[in-house]
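Trainee: For reference, the structure I am asking about is given below.
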Amino acid sequence: MPLTAPSLPPGVRRRGALIALVAVLAVTAVLAAVLVRTATDGTRSPAADRTLTVATWNMCGVRQWGCAGTGSGPEKRRAVERLVDAGADVVLLQEACATHAESVREALGESWRLSFRPYTWRDGGGQTAAIDCEGRGRGTAGLAVLSDRPLSSVRSVPTRQPEVGLRRGILCATVAAFDVRVCNAHLSLPGSDRAHPGREYRDDQLKALVAAVPGRRTVFGGDFNLRPPGARNRSAWVWPSAAYDAFRECDQTSGTDRSGRATHVSGHKLDYLFAGLPRSSCTVRDTGFSDHRALLMRVHTG
């Protein structure tokens with residue numbers, strides 16, 4: 001997605017549609033954000049070596065947000081499959097369409113679980129609406145957690161969001177087989193609040209994210225719409241010190257390092273994975289079907 005706040009997307013559903021959606025989902029996913037699959041199979045062996053690989057990827061699946069030329073749904077699905085082939089046990093997705101996310105889960109197999117959180121739009125009258133992905137049958141736009149192990153304690157983390165405009169969010173879940181809490185965050189772009197375009201939300205959203213994770217057994221990240229803290233970054237002040245001090249980022253080489261390889265076509269690093277567990281590898285992968293590159297991080301959980 002371009003580094004600008006999107007205009008009011010076409011196909012926005014009004015409050016009534018959103019309420020209807022929530023009512024249907026509540027029957028099967030009261031404690032899950034949207035969907036948690038419970039079927040299992042024996043195709044993937046237990047994590048005997050106690051390592052966990054987490055990937056994050058903004059798949060640029062919402063066509064009306066400047067993503068029309070970044071690949072089809074099947075191409076993006078195959079890109080996620082290749083992340084799994086590269087070792088990912090958990091995949092954090094941003095700018096996903098609900099039907100695409102479900103098709104990915106189906107392609108990966110019955111052992112995989114999916115939790116999905118829709119983005120919403122709040123208008124000047126306080127009405128909240130889900131955002132439809134452009135194109136027939138694509139479903140709502142949102143962020144997702146895919147896991148090849150059962151997910152528990154799936155929660156959306158409350159954060160300050162624009163009063164008028166696009167509301168993204170944070171979705172967390174526990175991978176019980178590893179006793180690791182994972183969180184997927186998509187932070188607000190500057191100018192996202194149509195009523196208060198000068199307001200900064202990323203500082204409060206990052207504080208809420210860091211406060212929501214346990215002290216050590218966690219991996220959290222996503223698309224932060226933010227460059228790493230540094231002297232040349234005027235927005236460096238929004239970063240809580242705990243992000244790099246109490247945890248380590250995928251590409252962080254030392255306790256004082258605040259750099260990282262570019263993950264966006266602009267040449268900036270906007271995507272992150274932080275861990276409280278020891279890291280053994282960090283990979284930046286160009287999927288070829290997004291304006292963002294994917295990150296994969298392996299951690300030791302034993």
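Ordered as shown in the structure tokens, chains take letters A, B, and onward, while each chain numbers its residues from 1 and ligands are numbered from 1 in the order shown.
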List the neighbours of A:Val80 out to 9 Å using only C-alpha atoms; skip same-chain residues closer than 6 positions along the sequence, and give me the result as a PyMOL selection string.
Mentor: chain A and resi 57+59+91+104+287
Trainee: Could you please write out, as a PyMOL selection string, every residue of stretch 50-147 of chain A that DSSP assigns to alpha helix (DSSP H)?
Mentor: chain A and resi 73-85+98-108
Trainee: Find the residues near A:Gly222: any atom within 7 Å, counting only C-alpha atoms, skip ones fewer than 3 places away on the same chain, and give them as a list in words.
Mentor: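 Everything that qualifies: Thr56, Leu92, Asn184, Ala185, His186, Asp271, Tyr272 and Leu273 of chain A.
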Trainee: Between atom CA of A:Arg160 and atom CA of A:Arg217, measure the distance and give it in Å to one decimal.
Mentor: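 Rounded to one decimal, the two atoms are 25.3 Å apart.
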Trainee: Can you pull out the residues contacting A:Val145? Cut-off 12 Å, using only C-alpha atoms, and skip same-chain residues under 3 positions away; I want them as a VMD selection string.
Mentor: chain A and resid 32 to 37 54 to 58 88 to 96 98 101 to 102 104 to 105 112 to 117 142 148 to 152 154 to 156 170 to 175 181 to 185 220 to 222
